[in-house]
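Printed here is query_25.txt (compact mmCIF, C-alpha atoms and all ligand atoms):
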```txt
# COMPACT_ATOMS: atom_id res chain seq x y z
CA MET A 1 1.05 2.99 13.01
CA SER A 2 -2.63 3.68 12.48
CA VAL A 3 -4.36 6.72 13.97
CA LEU A 4 -6.80 4.18 15.36
CA SER A 5 -4.15 2.65 17.60
CA GLY A 6 -5.30 2.81 21.21
CA LYS A 7 -8.70 4.20 20.24
CA LYS A 8 -11.98 2.79 21.51
CA ILE A 9 -14.43 1.91 18.76
CA LEU A 10 -18.06 1.06 19.35
CA LEU A 11 -19.44 -0.88 16.41
CA GLY A 12 -23.21 -0.97 16.05
CA ILE A 13 -24.54 -3.70 13.76
CA THR A 14 -28.03 -3.67 12.29
CA ALA A 15 -29.98 -6.28 10.36
CA GLY A 16 -28.71 -6.22 6.81
CA ILE A 17 -27.02 -8.97 4.85
CA ALA A 18 -23.79 -6.91 4.90
CA ALA A 19 -23.65 -7.66 8.64
CA TYR A 20 -21.69 -10.81 7.75
CA LYS A 21 -18.82 -8.54 6.68
CA THR A 22 -18.51 -7.00 10.14
CA ALA A 23 -16.42 -9.97 11.32
CA ASN A 24 -13.70 -8.74 8.99
CA LEU A 25 -14.33 -5.14 10.04
CA VAL A 26 -13.72 -6.03 13.69
CA ARG A 27 -10.53 -7.88 12.74
CA LEU A 28 -9.22 -4.87 10.80
CA PHE A 29 -9.93 -2.52 13.71
CA ILE A 30 -8.18 -4.85 16.15
CA LYS A 31 -5.24 -5.15 13.73
CA SER A 32 -4.95 -1.37 13.63
CA GLY A 33 -4.52 -1.39 17.42
CA ALA A 34 -8.03 -0.24 18.35
CA GLU A 35 -10.20 -1.65 21.12
CA VAL A 36 -13.62 -2.74 19.88
CA LYS A 37 -16.98 -3.27 21.56
CA VAL A 38 -19.98 -4.43 19.59
CA ILE A 39 -23.68 -3.67 20.00
CA MET A 40 -26.17 -5.54 17.80
CA THR A 41 -29.82 -4.98 17.11
CA PRO A 42 -31.74 -8.16 17.98
CA ALA A 43 -32.57 -8.84 14.30
CA SER A 44 -28.95 -8.54 13.19
CA LYS A 45 -28.17 -11.78 15.06
CA ASP A 46 -29.89 -13.62 12.21
CA PHE A 47 -27.03 -12.52 9.96
CA ILE A 48 -23.97 -12.99 12.20
CA THR A 49 -23.60 -14.50 15.63
CA PRO A 50 -22.62 -12.57 18.77
CA LEU A 51 -20.14 -15.37 19.50
CA THR A 52 -18.19 -14.62 16.32
CA LEU A 53 -18.05 -10.94 17.20
CA SER A 54 -17.20 -11.37 20.87
CA THR A 55 -14.42 -13.80 19.92
CA LEU A 56 -12.93 -11.39 17.41
CA SER A 57 -13.41 -8.24 19.49
CA LYS A 58 -12.35 -9.99 22.74
CA ASN A 59 -15.25 -8.18 24.44
CA PRO A 60 -18.79 -9.15 25.36
CA VAL A 61 -21.39 -8.23 22.75
CA SER A 62 -24.53 -6.45 23.95
CA SER A 63 -27.86 -6.28 22.21
CA ALA A 64 -30.58 -5.83 24.83
CA PHE A 65 -31.13 -3.37 27.65
CA TYR A 66 -30.45 -6.18 30.08
CA ASP A 67 -29.04 -9.69 29.90
CA LYS A 68 -31.11 -12.40 31.56
CA GLU A 69 -28.73 -14.46 33.64
CA GLU A 70 -30.01 -17.47 35.58
CA GLU A 71 -30.50 -15.63 38.86
CA ASN A 72 -30.08 -11.94 38.27
CA GLU A 73 -30.56 -9.57 35.40
CA LEU A 74 -27.64 -7.41 34.23
CA TRP A 75 -28.44 -3.96 32.93
CA ASN A 76 -26.40 -2.85 29.92
CA ASN A 77 -25.60 0.77 30.56
CA HIS A 78 -26.04 2.51 27.22
CA VAL A 79 -24.78 5.82 28.64
CA GLU A 80 -21.57 4.18 29.80
CA LEU A 81 -21.09 2.51 26.41
CA GLY A 82 -21.73 5.79 24.62
CA LEU A 83 -19.21 7.64 26.79
CA TRP A 84 -16.65 4.82 26.56
CA ALA A 85 -16.27 5.20 22.81
CA ASP A 86 -13.81 7.49 21.04
CA TYR A 87 -15.67 6.73 17.81
CA MET A 88 -18.97 5.04 17.05
CA LEU A 89 -19.61 3.28 13.74
CA ILE A 90 -22.95 1.87 12.69
CA ALA A 91 -22.35 -0.64 9.90
CA PRO A 92 -24.38 -1.74 8.18
CA THR A 93 -27.03 0.93 8.78
CA THR A 94 -30.36 -0.32 7.46
CA ALA A 95 -33.04 2.03 6.17
CA ASN A 96 -35.01 1.24 9.32
CA THR A 97 -32.20 2.21 11.74
CA LEU A 98 -31.31 5.20 9.61
CA SER A 99 -34.84 6.53 9.94
CA LYS A 100 -34.95 5.82 13.68
CA MET A 101 -31.62 7.58 14.25
CA ALA A 102 -32.87 10.59 12.30
CA ASN A 103 -36.03 10.77 14.39
CA GLY A 104 -34.78 9.99 17.87
CA VAL A 105 -36.57 6.64 18.10
CA CYS A 106 -35.08 4.61 20.91
CA ASP A 107 -36.48 1.08 20.86
CA ASN A 108 -33.26 -0.91 21.23
CA LEU A 109 -29.89 -0.71 22.97
CA LEU A 110 -28.07 0.39 19.83
CA LEU A 111 -30.32 3.40 19.36
CA ALA A 112 -30.19 4.36 23.04
CA THR A 113 -26.40 4.22 22.87
CA TYR A 114 -26.38 6.27 19.67
CA LEU A 115 -28.43 8.95 21.43
CA SER A 116 -26.05 8.87 24.42
CA ALA A 117 -22.80 8.97 22.44
CA LYS A 118 -20.79 12.18 22.58
CA CYS A 119 -18.08 11.00 20.16
CA PRO A 120 -18.01 11.28 16.34
CA VAL A 121 -20.50 8.84 14.80
CA TYR A 122 -19.92 7.24 11.38
CA PHE A 123 -22.66 5.37 9.56
CA ALA A 124 -22.36 3.07 6.55
CA PRO A 125 -25.77 2.49 4.93
CA ALA A 126 -26.59 -0.76 3.19
CA MET A 127 -29.88 -1.49 1.43
CA ASP A 128 -31.39 -2.23 -1.94
CA LEU A 129 -30.89 0.39 -4.65
CA ASP A 130 -34.46 1.69 -4.73
CA MET A 131 -34.53 1.98 -0.96
CA TYR A 132 -31.22 3.90 -1.06
CA LYS A 133 -32.59 6.26 -3.70
CA HIS A 134 -35.88 6.85 -1.89
CA PRO A 135 -36.41 10.48 -0.82
CA SER A 136 -37.18 9.27 2.69
CA THR A 137 -33.74 7.61 2.96
CA LYS A 138 -32.05 10.67 1.46
CA THR A 139 -33.83 12.89 4.01
CA SER A 140 -32.70 10.63 6.87
CA ILE A 141 -29.10 10.75 5.66
CA GLU A 142 -29.19 14.54 5.35
CA LYS A 143 -30.69 14.82 8.81
CA LEU A 144 -27.92 12.67 10.30
CA GLN A 145 -25.31 14.78 8.51
CA SER A 146 -26.91 17.88 10.02
CA PHE A 147 -26.24 16.23 13.43
CA GLN A 148 -22.56 16.07 12.34
CA ASN A 149 -22.76 12.28 11.89
CA ILE A 150 -20.43 11.19 9.13
CA LEU A 151 -21.71 9.26 6.11
CA ILE A 152 -19.60 6.46 4.66
CA PRO A 153 -21.44 6.26 1.32
CA ALA A 154 -22.78 3.01 -0.03
CA THR A 155 -21.12 1.80 -3.21
CA SER A 156 -22.46 0.38 -6.45
CA GLY A 157 -22.47 -3.31 -7.16
CA GLU A 158 -24.41 -6.52 -6.96
CA LEU A 159 -27.06 -6.44 -4.26
CA ALA A 160 -28.65 -9.26 -2.29
CA SER A 161 -31.83 -8.82 -4.34
CA GLY A 162 -29.91 -9.72 -7.49
CA LEU A 163 -30.23 -6.15 -8.75
CA VAL A 164 -27.15 -4.12 -9.51
CA GLY A 165 -26.81 -0.54 -8.30
CA GLU A 166 -25.97 1.78 -5.40
CA GLY A 167 -26.68 0.42 -1.94
CA ARG A 168 -23.83 -1.96 -1.08
CA MET A 169 -22.15 -1.25 2.21
CA ALA A 170 -18.59 0.02 1.66
CA GLU A 171 -16.06 -2.82 1.97
CA PRO A 172 -14.55 -3.24 5.47
CA GLN A 173 -11.04 -2.14 4.39
CA ASP A 174 -12.54 0.94 2.72
CA ILE A 175 -14.54 1.77 5.86
CA VAL A 176 -11.38 1.58 7.99
CA ALA A 177 -9.43 3.69 5.46
CA PHE A 178 -12.29 6.24 5.33
CA ILE A 179 -12.35 6.62 9.12
CA GLU A 180 -8.54 6.84 9.37
CA LYS A 181 -8.44 9.54 6.70
CA ASP A 182 -11.27 11.46 8.32
CA ILE A 183 -9.64 11.36 11.76
CA LEU A 184 -6.33 12.48 10.29
CA SER A 185 -7.95 15.47 8.61
CA THR A 186 -9.29 16.66 11.96
CA LEU A 187 -6.01 16.35 13.90
CA PRO A 188 -4.71 19.72 15.09
CA LEU A 189 -1.14 19.26 13.82
CA ARG A 190 -2.09 17.78 10.44
CA GLY A 191 0.25 19.21 7.79
CA LYS A 192 2.72 20.52 10.38
CA LYS A 193 6.33 19.42 10.65
CA VAL A 194 7.93 19.19 14.07
CA LEU A 195 11.62 18.81 14.91
CA ILE A 196 12.43 17.29 18.30
CA THR A 197 15.81 16.66 19.92
CA ALA A 198 16.01 14.04 22.65
CA GLY A 199 18.37 12.12 24.89
CA PRO A 200 21.96 12.80 25.93
CA THR A 201 24.98 13.44 23.77
CA TYR A 202 28.27 11.57 24.09
CA GLU A 203 31.47 13.58 23.67
CA ALA A 204 34.40 11.38 22.77
CA ILE A 205 37.58 11.39 24.86
CA ASP A 206 39.22 8.61 22.88
CA PRO A 207 37.89 5.74 20.70
CA VAL A 208 36.37 3.94 23.72
CA ARG A 209 35.51 6.66 26.25
CA PHE A 210 33.17 9.58 26.34
CA ILE A 211 31.65 12.28 28.54
CA GLY A 212 27.89 11.83 28.79
CA ASN A 213 24.94 12.37 31.10
CA HIS A 214 22.05 10.43 32.59
CA SER A 215 19.35 11.63 30.20
CA SER A 216 17.17 8.70 29.09
CA GLY A 217 15.40 10.41 26.20
CA LYS A 218 12.01 9.49 27.71
CA MET A 219 10.64 13.04 27.68
CA GLY A 220 11.64 13.76 24.08
CA PHE A 221 10.34 10.41 22.82
CA ALA A 222 7.03 10.97 24.62
CA ILE A 223 6.76 14.39 22.97
CA ALA A 224 7.54 12.87 19.56
CA LYS A 225 4.82 10.25 19.96
CA THR A 226 2.27 12.81 21.15
CA ALA A 227 3.04 15.20 18.29
CA ALA A 228 2.71 12.33 15.78
CA ASN A 229 -0.60 11.28 17.33
CA LEU A 230 -1.80 14.85 16.81
CA GLY A 231 -1.05 14.43 13.10
CA ALA A 232 2.38 16.09 12.84
CA GLU A 233 5.23 14.79 10.73
CA VAL A 234 8.01 14.42 13.27
CA ILE A 235 11.77 14.51 12.82
CA LEU A 236 13.22 13.07 16.00
CA ILE A 237 16.94 13.67 16.42
CA SER A 238 18.05 11.42 19.20
CA GLY A 239 21.32 11.12 21.05
CA PRO A 240 22.28 7.63 22.33
CA SER A 241 19.07 6.34 23.96
CA HIS A 242 17.44 2.97 24.57
CA GLN A 243 14.00 4.40 23.87
CA GLN A 244 12.04 2.87 21.00
CA ILE A 245 9.46 4.52 18.82
CA GLN A 246 7.32 2.99 16.10
CA HIS A 247 5.10 5.47 14.36
CA SER A 248 4.71 6.01 10.65
CA PHE A 249 4.81 9.79 11.19
CA VAL A 250 8.13 9.75 13.04
CA LYS A 251 11.47 9.82 11.24
CA ARG A 252 14.21 9.01 13.74
CA ILE A 253 17.73 10.25 13.20
CA ASP A 254 20.35 8.86 15.55
CA VAL A 255 23.31 11.04 16.47
CA LYS A 256 26.07 10.81 19.03
CA SER A 257 27.73 14.10 19.81
CA ALA A 258 26.51 17.67 20.28
CA GLU A 259 28.20 18.51 16.97
CA ASN A 260 26.25 15.72 15.16
CA MET A 261 23.03 16.94 16.77
CA TYR A 262 23.77 20.55 15.78
CA ASN A 263 24.32 19.53 12.15
CA ALA A 264 21.17 17.38 11.98
CA ALA A 265 19.04 20.10 13.63
CA HIS A 266 20.29 22.71 11.15
CA GLN A 267 19.69 20.38 8.23
CA TYR A 268 15.96 20.13 9.07
CA PHE A 269 15.15 23.41 10.85
CA ASN A 270 14.25 25.35 7.69
CA MET A 271 11.51 22.92 6.77
CA VAL A 272 9.72 22.69 10.12
CA ASP A 273 6.96 24.69 11.77
CA ILE A 274 7.78 23.78 15.36
CA ALA A 275 11.09 22.83 17.01
CA ILE A 276 11.21 21.38 20.52
CA LEU A 277 14.69 20.95 21.92
CA SER A 278 14.45 18.59 24.86
CA ALA A 279 17.87 16.95 24.52
CA ALA A 280 20.35 17.19 27.37
CA VAL A 281 23.19 18.39 25.19
CA ALA A 282 26.68 18.38 26.65
CA ASP A 283 27.84 21.93 27.27
CA TYR A 284 31.50 20.92 26.97
CA LYS A 285 33.51 18.42 24.98
CA PRO A 286 37.15 17.35 25.17
CA LYS A 287 39.26 19.86 23.23
CA ASN A 288 41.30 17.11 21.65
CA VAL A 289 40.04 13.59 20.97
CA ALA A 290 42.81 11.01 21.28
CA HIS A 291 43.02 8.81 18.20
CA GLN A 292 44.27 5.85 20.20
CA LYS A 293 42.97 4.56 23.52
CA ILE A 294 44.57 6.60 26.32
CA LYS A 295 46.88 4.36 28.34
CA LYS A 296 46.82 4.26 32.13
CA LYS A 297 49.71 6.09 33.79
CA ASP A 298 50.53 6.91 37.38
CA ALA A 299 50.22 10.66 36.93
CA THR A 300 46.88 12.47 37.02
CA LEU A 301 45.15 12.88 33.70
CA GLU A 302 43.80 16.24 32.73
CA ILE A 303 41.28 16.64 29.96
CA VAL A 304 40.80 20.12 28.62
CA LEU A 305 37.21 20.87 27.76
CA THR A 306 35.91 23.33 25.23
CA PRO A 307 32.30 24.55 24.89
CA THR A 308 29.98 22.81 22.41
CA LYS A 309 27.78 24.85 20.11
CA ASP A 310 24.46 25.79 21.70
CA ILE A 311 21.98 24.26 19.24
CA LEU A 312 18.93 26.00 20.69
CA ALA A 313 20.54 29.44 20.72
CA SER A 314 21.80 28.98 17.16
CA LEU A 315 18.27 28.12 15.96
CA GLY A 316 16.84 31.06 17.91
CA ALA A 317 19.23 33.32 16.05
CA ILE A 318 18.02 32.23 12.61
CA LYS A 319 14.38 31.38 13.24
CA LYS A 320 11.69 32.76 10.94
CA GLN A 321 8.19 31.29 11.20
CA GLN A 322 9.22 28.44 13.48
CA PHE A 323 7.73 28.13 16.96
CA LEU A 324 10.83 27.40 19.03
CA VAL A 325 10.62 25.59 22.36
CA GLY A 326 13.49 25.03 24.79
CA PHE A 327 13.86 23.18 28.07
CA ALA A 328 15.54 24.36 31.23
CA LEU A 329 16.64 21.93 33.89
CA GLU A 330 17.50 23.96 36.95
CA THR A 331 18.56 23.33 40.52
CA ASN A 332 18.19 26.82 41.94
CA ASN A 333 16.79 30.22 41.03
CA GLU A 334 14.63 28.27 38.59
CA LEU A 335 12.17 30.84 37.24
CA ALA A 336 14.75 33.58 36.78
CA ASN A 337 17.18 31.20 35.03
CA ALA A 338 14.47 29.85 32.73
CA LYS A 339 13.27 33.34 31.82
CA GLY A 340 16.87 34.33 31.13
CA LYS A 341 17.25 31.40 28.71
CA LEU A 342 13.92 32.22 27.04
CA ALA A 343 15.10 35.74 26.23
CA ARG A 344 18.76 34.94 25.47
CA LYS A 345 17.93 32.10 23.07
CA ASN A 346 15.00 33.93 21.40
CA LEU A 347 12.41 31.27 22.25
CA ASP A 348 8.65 31.25 21.97
CA MET A 349 8.33 29.15 25.09
CA ILE A 350 10.42 27.30 27.63
CA VAL A 351 9.61 24.21 29.69
CA LEU A 352 11.15 24.38 33.13
CA ASN A 353 11.81 21.40 35.34
CA SER A 354 13.45 21.80 38.68
CA LEU A 355 15.66 19.11 40.15
CA GLN A 356 14.34 20.26 43.54
CA ASP A 357 11.01 18.65 42.63
CA LYS A 358 10.89 14.97 43.53
CA GLY A 359 10.09 12.87 40.46
CA ALA A 360 11.23 15.52 37.96
CA GLY A 361 14.16 15.47 35.57
CA PHE A 362 16.40 12.74 34.17
CA ALA A 363 15.75 8.99 33.97
CA THR A 364 12.45 9.13 35.89
CA ASP A 365 9.09 8.13 34.43
CA THR A 366 7.52 11.29 35.75
CA ASN A 367 8.08 15.01 35.43
CA LYS A 368 6.82 18.25 36.89
CA ILE A 369 6.95 21.30 34.69
CA THR A 370 6.23 24.98 34.46
CA ILE A 371 5.72 26.46 31.01
CA ILE A 372 6.77 30.05 30.44
CA ASP A 373 5.74 31.73 27.21
CA LYS A 374 7.18 34.73 25.36
CA ASN A 375 5.03 37.13 27.40
CA LEU A 376 6.44 35.56 30.57
CA THR A 377 3.10 34.01 31.45
CA GLU A 378 3.74 31.03 33.73
CA SER A 379 1.63 27.85 33.78
CA SER A 380 2.47 25.21 36.36
CA PHE A 381 1.48 21.56 36.11
CA GLY A 382 1.45 18.80 38.75
CA LEU A 383 3.69 15.72 38.92
CA LYS A 384 2.63 13.42 36.08
CA SER A 385 3.88 10.62 33.87
CA LYS A 386 6.13 11.83 31.06
CA THR A 387 3.41 10.77 28.60
CA ALA A 388 0.90 13.04 30.35
CA VAL A 389 3.47 15.85 30.52
CA ALA A 390 4.10 15.46 26.77
CA LYS A 391 0.37 15.89 26.17
CA ASP A 392 0.29 19.06 28.31
CA ILE A 393 3.26 20.48 26.37
CA MET A 394 1.82 19.64 22.95
CA ASN A 395 -1.67 20.92 23.84
CA TYR A 396 -0.10 24.17 25.04
CA ILE A 397 1.83 24.52 21.77
CA VAL A 398 -1.30 23.78 19.69
CA THR A 399 -3.20 26.53 21.53
CA LYS A 400 -0.32 28.97 21.05
CA ILE A 401 0.17 28.37 17.33
CA ASN A 402 -3.57 28.66 16.72
CA ALA A 403 -3.91 31.83 18.81
N1 LIG A 501 20.76 23.14 24.48
C1 LIG A 501 21.18 23.01 23.17
N2 LIG A 501 22.51 22.93 22.89
C2 LIG A 501 23.43 22.98 23.86
C3 LIG A 501 23.01 23.11 25.20
C4 LIG A 501 21.67 23.20 25.47
O1 LIG A 501 20.33 22.95 22.28
N3 LIG A 501 24.71 22.88 23.54
C5 LIG A 501 19.33 23.29 24.75
C6 LIG A 501 18.70 22.14 25.51
O2 LIG A 501 18.21 21.15 24.62
C7 LIG A 501 17.59 22.83 26.27
C8 LIG A 501 18.13 24.22 26.50
O3 LIG A 501 19.18 24.40 25.57
O4 LIG A 501 16.43 22.96 25.49
C9 LIG A 501 18.64 24.52 27.86
O5 LIG A 501 19.60 23.62 28.23
P1 LIG A 501 20.35 23.82 29.60
O6 LIG A 501 21.46 22.83 29.67
O7 LIG A 501 19.36 23.87 30.73
O8 LIG A 501 20.87 25.30 29.44
P2 LIG A 501 22.23 25.92 29.12
O9 LIG A 501 21.95 27.01 28.16
O10 LIG A 501 23.21 24.89 28.71
O11 LIG A 501 22.61 26.58 30.50
P3 LIG A 501 23.18 25.95 31.85
O12 LIG A 501 23.65 24.55 31.54
O13 LIG A 501 24.25 26.87 32.21
O14 LIG A 501 22.03 26.00 32.80
```

Mind turning the file's structure into structure tokens?
Ligand code: CTP
Amino acid sequence: MSVLSGKKILLGITAGIAAYKTANLVRLFIKSGAEVKVIMTPASKDFITPLTLSTLSKNPVSSAFYDKEEENELWNNHVELGLWADYMLIAPTTANTLSKMANGVCDNLLLATYLSAKCPVYFAPAMDLDMYKHPSTKTSIEKLQSFQNILIPATSGELASGLVGEGRMAEPQDIVAFIEKDILSTLPLRGKKVLITAGPTYEAIDPVRFIGNHSSGKMGFAIAKTAANLGAEVILISGPSHQQIQHSFVKRIDVKSAENMYNAAHQYFNMVDIAILSAAVADYKPKNVAHQKIKKKDATLEIVLTPTKDILASLGAIKKQQFLVGFALETNNELANAKGKLARKNLDMIVLNSLQDKGAGFATDTNKITIIDKNLTESSFGLKSKTAVAKDIMNYIVTKINA
């Protein structure tokens, strides 16, 4: 999955021959899962039609401060467009637009939006080689870089003039790869490895029966996705769960029992920086597993249970640099129980959810948590979707590991 998935990209197109390549650029962004809106300078419409771009982007294309409808005039809100975007890309950027951007000139919708945008702005110049080399162009580029705008350098090749040299807009696939790489390098968990346990465990009674619990795995999977979106390499050890995850940064390992989960967690723990144990691991398992299906009899059946290994506590006992996070699902005496677990299992932080809170806990789409850190500082959060809770948890961890 691309880091651009779910991101909002505002593509500004100016009047250069390379504008014809933006059709492909829009397609590549859409393919990577991004949402795209296009703004064109009026002159760029001579090179590619708004209809092509609105068809490919599935969004209206704006180019003027207002659209003249038959009866009324519709104002295009450049501030709204600028704030909508997660990333803005101006491609191609002509020498003219480059100079205007560098000097705060605001004579079209694209420039007004550029001045209103708060997001990272990428620009991909395209012009003839002598124009690209001109000190005035170089000064404009440097000025934009001093505004923290990001240059996607022009490449060398055949130019529209027939000359050969530097000034060709980077190819659409290279622009997308450049932006993806740049975004990745700025993600807070880039280069970090995170181990996550999720879901229930099943403890076999016989070949067809087990002891399990109602955990859906939703919370752990949401945490895995969030951590991956923040740039981490995730090892997700999941008990039996119907949850799906598709992310190139997530390696999923399916396990069944607490013993399987213990072994997998220990196999990877040494190589990770952060471990988040959100699985609802069975505390007990049948002492003896019948090799054949247990037959029905009239008498009562007693199954002797024996404790499973506590994965979290065992990792707490051997942890070195790892930031170790546990969960506590409590029904009473919540804070005291959670703090007890934090200390006993040698954790850096614990996420408490109380079954007394409506909408918290197993198999729901929502959760309500309190985070307690090593210094016993408590932070409480409202009832939210598990995706939003995962973001709160990961943001908290990012702040802690960078503190
Ligand atoms: N946990 C674990 N291995 C176990 C049991 C629990 O790794 N065998 C982890 C869970 O993933 C969770 C934390 O320990 O992060 C707390 O789980 P919980 O069941 O609330 O705590 P227990 O220590 O089992 O205590 P109790 O059930 O008595 O509340």

- Item | Neighbourhood of ligand LIG 501 (chain A) at 7 Å, counting all atoms listed in the file, reported as a list in words | Thr197, Ala258, Leu277, Ser278, Ala279, Ala280, Val281, Ala282, Asp283, Thr308, Lys309, Asp310, Ile311, Leu312, Ala313, Gly326, Phe327, Ala328, Leu329, Glu330 and Lys341 of chain A

- Select, counting all atoms listed in the file, all protein, DNA and RNA residues no farther than 9 Å from (1.1, 22.2, 28.4) in file coordinates, and express the selection as a PyMOL selection string. chain A and resi 351+369-371+379-381+389-397

Using 5 Å of padding on each side, determine the axis-aligned box around all atoms of region 49-52 of chain A present in the file and give its centre and edge lengths in Å to one decimal, as lines of an AutoDock Vina configuration file.
```
center_x = -20.9
center_y = -14.0
center_z = 17.6
size_x = 15.4
size_y = 12.8
size_z = 13.9
```

- Mind pulling up the distance from CA of Glu180 (chain A) to CA of Met1 (chain A)?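 Straight-line distance from CA of Met1 (chain A) to CA of Glu180 (chain A) works out to 11.0 Å.
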
- Rank A:Leu25, A:Leu111, A:Ile205, A:Val325 by their smallest atom-to-atom distance to Pro42 (chain A), using only C-alpha atoms, and report the top residue only.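 Of the candidates, the smallest distance to Pro42 (chain A) is held by A:Leu111.
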
- Message: Considering only C-alpha atoms, can you say which of A:Val208, A:Leu187, A:Ala102, A:Ala95 comes closest to Lys293 (chain A)?
- Response: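 Distance minimum relative to Lys293 (chain A) lands on A:Val208.
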
- Rank A:Ser5, A:Leu81, A:Asp130, A:Pro92 by their smallest atom-to-atom distance to Ala23 (chain A), using all atoms listed in the file, and report the top residue only.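 Among the listed residues, A:Pro92 lies closest to Ala23 (chain A).
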
- What lies within 10 Å of region 216-223 of chain A using only C-alpha atoms, ignoring chain neighbours under 5 positions off, as a PyMOL selection string? chain A and resi 196-200+228-229+234+236-245+252+276-280+361-367+385-394

Can I get the selected residues back with C-alpha atoms, as a PDB file, in the frame of the given file?
```pdb
ATOM      1  CA  ILE A 196      12.430  17.290  18.300  1.00  0.00           C
ATOM      2  CA  THR A 197      15.810  16.660  19.920  1.00  0.00           C
ATOM      3  CA  ALA A 198      16.010  14.040  22.650  1.00  0.00           C
ATOM      4  CA  GLY A 199      18.370  12.120  24.890  1.00  0.00           C
ATOM      5  CA  PRO A 200      21.960  12.800  25.930  1.00  0.00           C
ATOM      6  CA  ALA A 228       2.710  12.330  15.780  1.00  0.00           C
ATOM      7  CA  ASN A 229      -0.600  11.280  17.330  1.00  0.00           C
ATOM      8  CA  VAL A 234       8.010  14.420  13.270  1.00  0.00           C
ATOM      9  CA  LEU A 236      13.220  13.070  16.000  1.00  0.00           C
ATOM     10  CA  ILE A 237      16.940  13.670  16.420  1.00  0.00           C
ATOM     11  CA  SER A 238      18.050  11.420  19.200  1.00  0.00           C
ATOM     12  CA  GLY A 239      21.320  11.120  21.050  1.00  0.00           C
ATOM     13  CA  PRO A 240      22.280   7.630  22.330  1.00  0.00           C
ATOM     14  CA  SER A 241      19.070   6.340  23.960  1.00  0.00           C
ATOM     15  CA  HIS A 242      17.440   2.970  24.570  1.00  0.00           C
ATOM     16  CA  GLN A 243      14.000   4.400  23.870  1.00  0.00           C
ATOM     17  CA  GLN A 244      12.040   2.870  21.000  1.00  0.00           C
ATOM     18  CA  ILE A 245       9.460   4.520  18.820  1.00  0.00           C
ATOM     19  CA  ARG A 252      14.210   9.010  13.740  1.00  0.00           C
ATOM     20  CA  ILE A 276      11.210  21.380  20.520  1.00  0.00           C
ATOM     21  CA  LEU A 277      14.690  20.950  21.920  1.00  0.00           C
ATOM     22  CA  SER A 278      14.450  18.590  24.860  1.00  0.00           C
ATOM     23  CA  ALA A 279      17.870  16.950  24.520  1.00  0.00           C
ATOM     24  CA  ALA A 280      20.350  17.190  27.370  1.00  0.00           C
ATOM     25  CA  GLY A 361      14.160  15.470  35.570  1.00  0.00           C
ATOM     26  CA  PHE A 362      16.400  12.740  34.170  1.00  0.00           C
ATOM     27  CA  ALA A 363      15.750   8.990  33.970  1.00  0.00           C
ATOM     28  CA  THR A 364      12.450   9.130  35.890  1.00  0.00           C
ATOM     29  CA  ASP A 365       9.090   8.130  34.430  1.00  0.00           C
ATOM     30  CA  THR A 366       7.520  11.290  35.750  1.00  0.00           C
ATOM     31  CA  ASN A 367       8.080  15.010  35.430  1.00  0.00           C
ATOM     32  CA  SER A 385       3.880  10.620  33.870  1.00  0.00           C
ATOM     33  CA  LYS A 386       6.130  11.830  31.060  1.00  0.00           C
ATOM     34  CA  THR A 387       3.410  10.770  28.600  1.00  0.00           C
ATOM     35  CA  ALA A 388       0.900  13.040  30.350  1.00  0.00           C
ATOM     36  CA  VAL A 389       3.470  15.850  30.520  1.00  0.00           C
ATOM     37  CA  ALA A 390       4.100  15.460  26.770  1.00  0.00           C
ATOM     38  CA  LYS A 391       0.370  15.890  26.170  1.00  0.00           C
ATOM     39  CA  ASP A 392       0.290  19.060  28.310  1.00  0.00           C
ATOM     40  CA  ILE A 393       3.260  20.480  26.370  1.00  0.00           C
ATOM     41  CA  MET A 394       1.820  19.640  22.950  1.00  0.00           C
TER      42      MET A 394
END
```

- Interatomic distance, CA of Lys193 (chain A) to CA of Asp273 (chain A) (Å, one decimal):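 Computing it gives 5.4 Å between the two atoms.
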
- Contacts of Tyr132 (chain A) within 12 Å, all atoms listed in the file, excl. fewer than 2 positions in-chain, as a VMD selection string: chain A and resid 93 to 96 98 to 99 124 to 130 134 to 141 153 to 156 159 165 to 169

- Of A:Asn288, A:Ser44, A:Ser57, A:Thr22, the one sitting nearest Lys8 (chain A) when using only C-alpha atoms is A:Ser57

- Item | Best match for closeness to Ala177 (chain A) among A:Gly82, A:Ile48, A:Asn332, A:Val3, counting all atoms listed in the file |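 Answer, going by the shortest atom-to-atom distance: A:Val3.
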
- Pick the closest to Ser161 (chain A) from A:Tyr114, A:Ile17, A:Ser32, A:Tyr87: which is it, counting only C-alpha atoms? A:Ile17

May I have the residues within 12 Å of Lys118 (chain A) as a short mmCIF file (atom, residue, chain, number, x, y, z; two decimals) with C-alpha atoms, keeping the file's coordinate frame, using only C-alpha atoms and disregarding those fewer than 5 positions away in the same chain?
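Below you can see result.cif, which holds the result:
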```cif
data_model
loop_
_atom_site.label_atom_id
_atom_site.label_comp_id
_atom_site.auth_asym_id
_atom_site.auth_seq_id
_atom_site.Cartn_x
_atom_site.Cartn_y
_atom_site.Cartn_z
CA LEU A 10 -18.06 1.06 19.35
CA HIS A 78 -26.04 2.51 27.22
CA VAL A 79 -24.78 5.82 28.64
CA GLU A 80 -21.57 4.18 29.80
CA LEU A 81 -21.09 2.51 26.41
CA GLY A 82 -21.73 5.79 24.62
CA LEU A 83 -19.21 7.64 26.79
CA TRP A 84 -16.65 4.82 26.56
CA ALA A 85 -16.27 5.20 22.81
CA ASP A 86 -13.81 7.49 21.04
CA TYR A 87 -15.67 6.73 17.81
CA MET A 88 -18.97 5.04 17.05
CA THR A 113 -26.40 4.22 22.87
CA PHE A 147 -26.24 16.23 13.43
CA GLN A 148 -22.56 16.07 12.34
CA ASN A 149 -22.76 12.28 11.89
#
```
